[in-house]
Amino acid sequence: MRILYGVVGEGMGHATRSKVVCEHLVERGHEVKIVVSGRAHGFLAKTFRDVVEIRGLTIRYVDNRLDRDGTLARNVVAAPGMLAANVSAYMRKVASFRPDAVISDFDSFAYFFAMRHGLPVMSIDNQQIISRCKLGKFAKKGVKIDYQMTKAFVRAKLPTCDHYVITTFFYPSVRPKYEKTTTLVPPILRKSILDAKKKARAGDHVLVYQTSTSDTKLLDELNAIEGARFVVYGLRKNARVGNCTLKDFSEEGFVEDLATARAVVANGGLSLLGEAIYLGKPIFSVPVRNQYEQILNARYLEELGWGLAADRIEAKVLRLFLEETPKYAHRVAKHKQDGNRELYDVVDRVLARFARKHKEHAAEA
């Protein structure tokens with residue numbers, strides 16, 4: 001099949017996960033055209049030959065908090081130009097591709113292209129769990145406004161896909177009206193993480209990863225913990241500050257440090273949480289404030305007993321977590337995942353159904 005694959009460009013998690021799926025599609029003989037915005041374009045263009053750059057929304061962070069007003073203002077100003085540029089890109093570089101189906105990783109433009117041309121759509125992302133599943137009360141306590149706002153946004157983003165594949169490490173029940181069109185699968189894992197499973201061990205350092213550089217107190221809090229050693233990614237530089245070794249990102253170095261860490265300190269993004277869980281690492285999760293998707297992940301992580309959720313990185317709480325890492329490590333070691341097999345099976349099955357319908361419509365015509 002000819003498949004148009006839309007990837008939301010904010011953050012690199014969507015890009016790394018979509019890369020895994022697109023590689024599988026190409027291996028299965030499909031022709032794939034990717035549309036993506038932001039830094040994710042350069043990342044995917046290194047691997048795939050047919051990648052179209054579009055403009056996407058951006059998120060503004062302040063002190064490890066999602067700045068709702070700033071994000072809204074920035075995107076409202078950019079919206080008219082973004083829309084015009086994306087329509088132009090689709091007319092020049094996508095329409096002639098004549099796709100048979102569309103897959104969207106939370107990308108609206110590919111979805112709207114499918115609606116405009118009557119094409120079947122598969123959604124592959126983790127956000128849809130917020131609108132299509134029954135979440136525990138503990139996951140909404142104290143953050144109901146964030147929950148309701150995010151749920152409404154997610155539901156409106158890709159409202160009528162033919163099938164929703166939701167990647168997740170926890171499994172709430174799917175709402176009855178969505179059961180036939182929704183499948184939950186384990187987190188998507190890149191090849192380097194799958195390969196690292198064999199050498200994973202508990203070393204003497206703690207891996208720290210921050211999505212944004214806005215947490216100005218991070219290094220002070222880490223240095224207040226005597227006897228601990230931290231390897232810090234996300235601050236975009238190489239340096240040594242007290243008991244912290246700061247490293248600029250490299251995939252090989254990051255995976256090695258993750259596989260040999262005794263524990264992980266991270267935000268609440270699914271990609272790193274899923275990788276750390278697969279490698280059996282206890283996790284201290286500090287979700288970006290006001291970003292409900294991350295809050296949800298952190299709370300389910302704690303509910304499963306695989307780590308601790310906190311509002312911010314504070315030396316006192318982090319010290320207690322590190323003292324308890326053997327307990328968390330024992331629990332997370334019970335997690336089982338057969339690579340990406342479940343994901344691939346679902347994707348292949350849904351695409352086969354799309355292909356059958358396409359042939360039936362062609363025969364009728």
# chains A, B, ... in the order shown; residues from 1 in each chain; ligands from 1
$ closest_atom_pairs --of "range 141-190 of chain A" --to "range 268-279 of chain A" --cutoff "12 Å" --atoms "only C-alpha atoms" --output "tab-separated table"
residue	atom	partner	partner_atom	distance
A:Ile166	CA	A:Leu270	CA	11.4
A:Thr167	CA	A:Leu270	CA	8.6
A:Thr168	CA	A:Leu270	CA	7.5
A:Phe169	CA	A:Gly274	CA	6.6
A:Phe170	CA	A:Gly274	CA	10.2
A:Val185	CA	A:Gly274	CA	11.6
A:Pro186	CA	A:Gly274	CA	8.1
A:Pro187	CA	A:Gly274	CA	5.5
A:Ile188	CA	A:Ser271	CA	7.6
A:Leu189	CA	A:Glu275	CA	6.6
A:Arg190	CA	A:Glu275	CA	8.7
$ residues_around --residues "range 195-202 of chain A" --least-positions-apart "2" --cutoff "7 Å" --atoms "only C-alpha atoms" --output "ChimeraX atom specification"
/A:191-193,204,259-262,279
$ select_by_dssp --residues "range 70-222 of chain A" --states "strand (DSSP E or B)" --output "ChimeraX atom specification"
/A:101-105,121-125,133,163-167,174,182-185,206-209
$ closest_residue --among "A:Lys177, A:Ala309, A:Leu25, A:Val36" --to "Asp345 in chain A" --atoms "only C-alpha atoms"
A:Leu25
$ residues_around --residues "range 214-229 of chain A" --least-positions-apart "5" --cutoff "12 Å" --atoms "only C-alpha atoms" --output "PyMOL selection string"
chain A and resi 60-67+203-209+234-236+239-246+261-267+286-289+312-323
$ select_by_dssp --residues "range 157-342 of chain A" --states "helix (DSSP H, G or I)" --output "count of residues only"
71
$ residues_around --residues "Ser18 in chain A" --least-positions-apart "5" --cutoff "9 Å" --atoms "only C-alpha atoms" --output "JSON, numbers by chain"
{"A": [5, 6, 7, 13, 23, 44, 105, 124, 188]}
$ write_last_selection --atoms "all heavy atoms" --output "mmCIF file, in the first residue's frame"
data_model
loop_
_atom_site.group_PDB
_atom_site.id
_atom_site.type_symbol
_atom_site.label_atom_id
_atom_site.label_comp_id
_atom_site.auth_asym_id
_atom_site.auth_seq_id
_atom_site.Cartn_x
_atom_site.Cartn_y
_atom_site.Cartn_z
ATOM 1 N N TYR A 5 2.096 9.004 6.316
ATOM 2 C CA TYR A 5 2.319 8.887 7.766
ATOM 3 C C TYR A 5 2.581 10.282 8.330
ATOM 4 O O TYR A 5 3.611 10.892 8.063
ATOM 5 C CB TYR A 5 3.519 7.978 8.036
ATOM 6 C CG TYR A 5 3.532 7.349 9.417
ATOM 7 C CD1 TYR A 5 3.481 5.978 9.574
ATOM 8 C CD2 TYR A 5 3.593 8.126 10.570
ATOM 9 C CE1 TYR A 5 3.485 5.371 10.828
ATOM 10 C CE2 TYR A 5 3.601 7.546 11.829
ATOM 11 C CZ TYR A 5 3.544 6.169 11.951
ATOM 12 O OH TYR A 5 3.544 5.602 13.192
ATOM 13 N N GLY A 6 1.652 10.786 9.143
ATOM 14 C CA GLY A 6 1.789 12.109 9.737
ATOM 15 C C GLY A 6 2.320 12.024 11.152
ATOM 16 O O GLY A 6 1.811 11.245 11.969
ATOM 17 N N VAL A 7 3.324 12.840 11.469
ATOM 18 C CA VAL A 7 3.967 12.808 12.790
ATOM 19 C C VAL A 7 3.956 14.208 13.381
ATOM 20 O O VAL A 7 4.462 15.153 12.771
ATOM 21 C CB VAL A 7 5.432 12.310 12.695
ATOM 22 C CG1 VAL A 7 6.041 12.198 14.091
ATOM 23 C CG2 VAL A 7 5.505 10.981 11.963
ATOM 24 N N GLY A 13 9.794 12.398 21.087
ATOM 25 C CA GLY A 13 9.224 11.096 21.379
ATOM 26 C C GLY A 13 8.396 10.546 20.239
ATOM 27 O O GLY A 13 8.510 9.366 19.876
ATOM 28 N N GLU A 23 9.834 1.984 9.752
ATOM 29 C CA GLU A 23 10.795 0.956 9.335
ATOM 30 C C GLU A 23 10.092 -0.390 9.136
ATOM 31 O O GLU A 23 10.378 -1.118 8.180
ATOM 32 C CB GLU A 23 11.916 0.837 10.369
ATOM 33 C CG GLU A 23 12.897 2.001 10.341
ATOM 34 C CD GLU A 23 13.923 1.934 11.468
ATOM 35 O OE1 GLU A 23 13.635 1.320 12.518
ATOM 36 O OE2 GLU A 23 15.017 2.519 11.291
ATOM 37 N N LEU A 44 13.973 12.223 11.076
ATOM 38 C CA LEU A 44 13.400 11.185 10.219
ATOM 39 C C LEU A 44 13.998 11.213 8.809
ATOM 40 O O LEU A 44 14.111 10.178 8.160
ATOM 41 C CB LEU A 44 11.882 11.344 10.158
ATOM 42 C CG LEU A 44 11.151 11.014 11.469
ATOM 43 C CD1 LEU A 44 9.688 11.431 11.390
ATOM 44 C CD2 LEU A 44 11.261 9.534 11.796
ATOM 45 N N ASP A 105 0.352 9.905 13.867
ATOM 46 C CA ASP A 105 0.846 9.955 15.240
ATOM 47 C C ASP A 105 0.527 11.344 15.784
ATOM 48 O O ASP A 105 1.371 12.229 15.838
ATOM 49 C CB ASP A 105 2.345 9.665 15.281
ATOM 50 C CG ASP A 105 2.887 9.584 16.710
ATOM 51 O OD1 ASP A 105 2.252 10.154 17.624
ATOM 52 O OD2 ASP A 105 3.937 8.966 16.929
ATOM 53 N N ILE A 124 -1.895 6.009 15.756
ATOM 54 C CA ILE A 124 -0.938 5.309 16.621
ATOM 55 C C ILE A 124 -0.302 6.356 17.522
ATOM 56 O O ILE A 124 0.529 7.155 17.090
ATOM 57 C CB ILE A 124 0.161 4.579 15.819
ATOM 58 C CG1 ILE A 124 -0.446 3.597 14.826
ATOM 59 C CG2 ILE A 124 1.107 3.852 16.778
ATOM 60 C CD1 ILE A 124 0.598 2.877 13.960
ATOM 61 N N ILE A 188 6.320 1.518 22.288
ATOM 62 C CA ILE A 188 7.179 1.251 21.131
ATOM 63 C C ILE A 188 8.637 1.391 21.545
ATOM 64 O O ILE A 188 9.024 2.377 22.168
ATOM 65 C CB ILE A 188 6.853 2.217 19.983
ATOM 66 C CG1 ILE A 188 5.383 2.038 19.552
ATOM 67 C CG2 ILE A 188 7.789 1.992 18.799
ATOM 68 C CD1 ILE A 188 4.915 3.082 18.548
#
$ decode --residues "range 331-345 of chain A" --atoms "N, CA and C atoms" --output "CSV table (one decimal), in the first residue's frame"
chain,number,residue,atom,x,y,z
A,331,ARG,N,10.0,-5.1,41.8
A,331,ARG,CA,8.6,-5.0,41.2
A,331,ARG,C,8.7,-4.8,39.7
A,332,VAL,N,9.5,-3.9,39.2
A,332,VAL,CA,9.5,-3.6,37.8
A,332,VAL,C,10.1,-4.7,37.0
A,333,ALA,N,10.9,-5.6,37.6
A,333,ALA,CA,11.5,-6.7,36.9
A,333,ALA,C,10.5,-7.7,36.5
A,334,LYS,N,9.3,-7.7,37.1
A,334,LYS,CA,8.2,-8.6,36.7
A,334,LYS,C,7.5,-8.2,35.4
A,335,HIS,N,7.8,-7.0,34.9
A,335,HIS,CA,7.1,-6.5,33.7
A,335,HIS,C,7.7,-7.4,32.5
A,336,LYS,N,6.8,-7.8,31.6
A,336,LYS,CA,7.2,-8.6,30.5
A,336,LYS,C,6.7,-7.9,29.2
A,337,GLN,N,7.6,-7.8,28.2
A,337,GLN,CA,7.2,-7.3,26.9
A,337,GLN,C,8.0,-7.9,25.8
A,338,ASP,N,7.3,-8.5,24.8
A,338,ASP,CA,8.0,-9.2,23.7
A,338,ASP,C,8.3,-8.2,22.6
A,339,GLY,N,9.3,-7.3,22.9
A,339,GLY,CA,9.7,-6.3,21.9
A,339,GLY,C,8.5,-5.5,21.4
A,340,ASN,N,8.4,-5.4,20.0
A,340,ASN,CA,7.3,-4.6,19.4
A,340,ASN,C,6.3,-5.6,18.7
A,341,ARG,N,6.3,-6.9,19.1
A,341,ARG,CA,5.5,-7.9,18.4
A,341,ARG,C,4.0,-7.5,18.4
A,342,GLU,N,3.5,-7.2,19.5
A,342,GLU,CA,2.1,-6.9,19.6
A,342,GLU,C,1.7,-5.7,18.7
A,343,LEU,N,2.5,-4.7,18.7
A,343,LEU,CA,2.3,-3.5,17.9
A,343,LEU,C,2.2,-3.9,16.4
A,344,TYR,N,3.3,-4.6,16.0
A,344,TYR,CA,3.4,-5.0,14.6
A,344,TYR,C,2.2,-5.8,14.1
A,345,ASP,N,1.8,-6.7,15.0
A,345,ASP,CA,0.7,-7.6,14.6
A,345,ASP,C,-0.6,-6.8,14.4
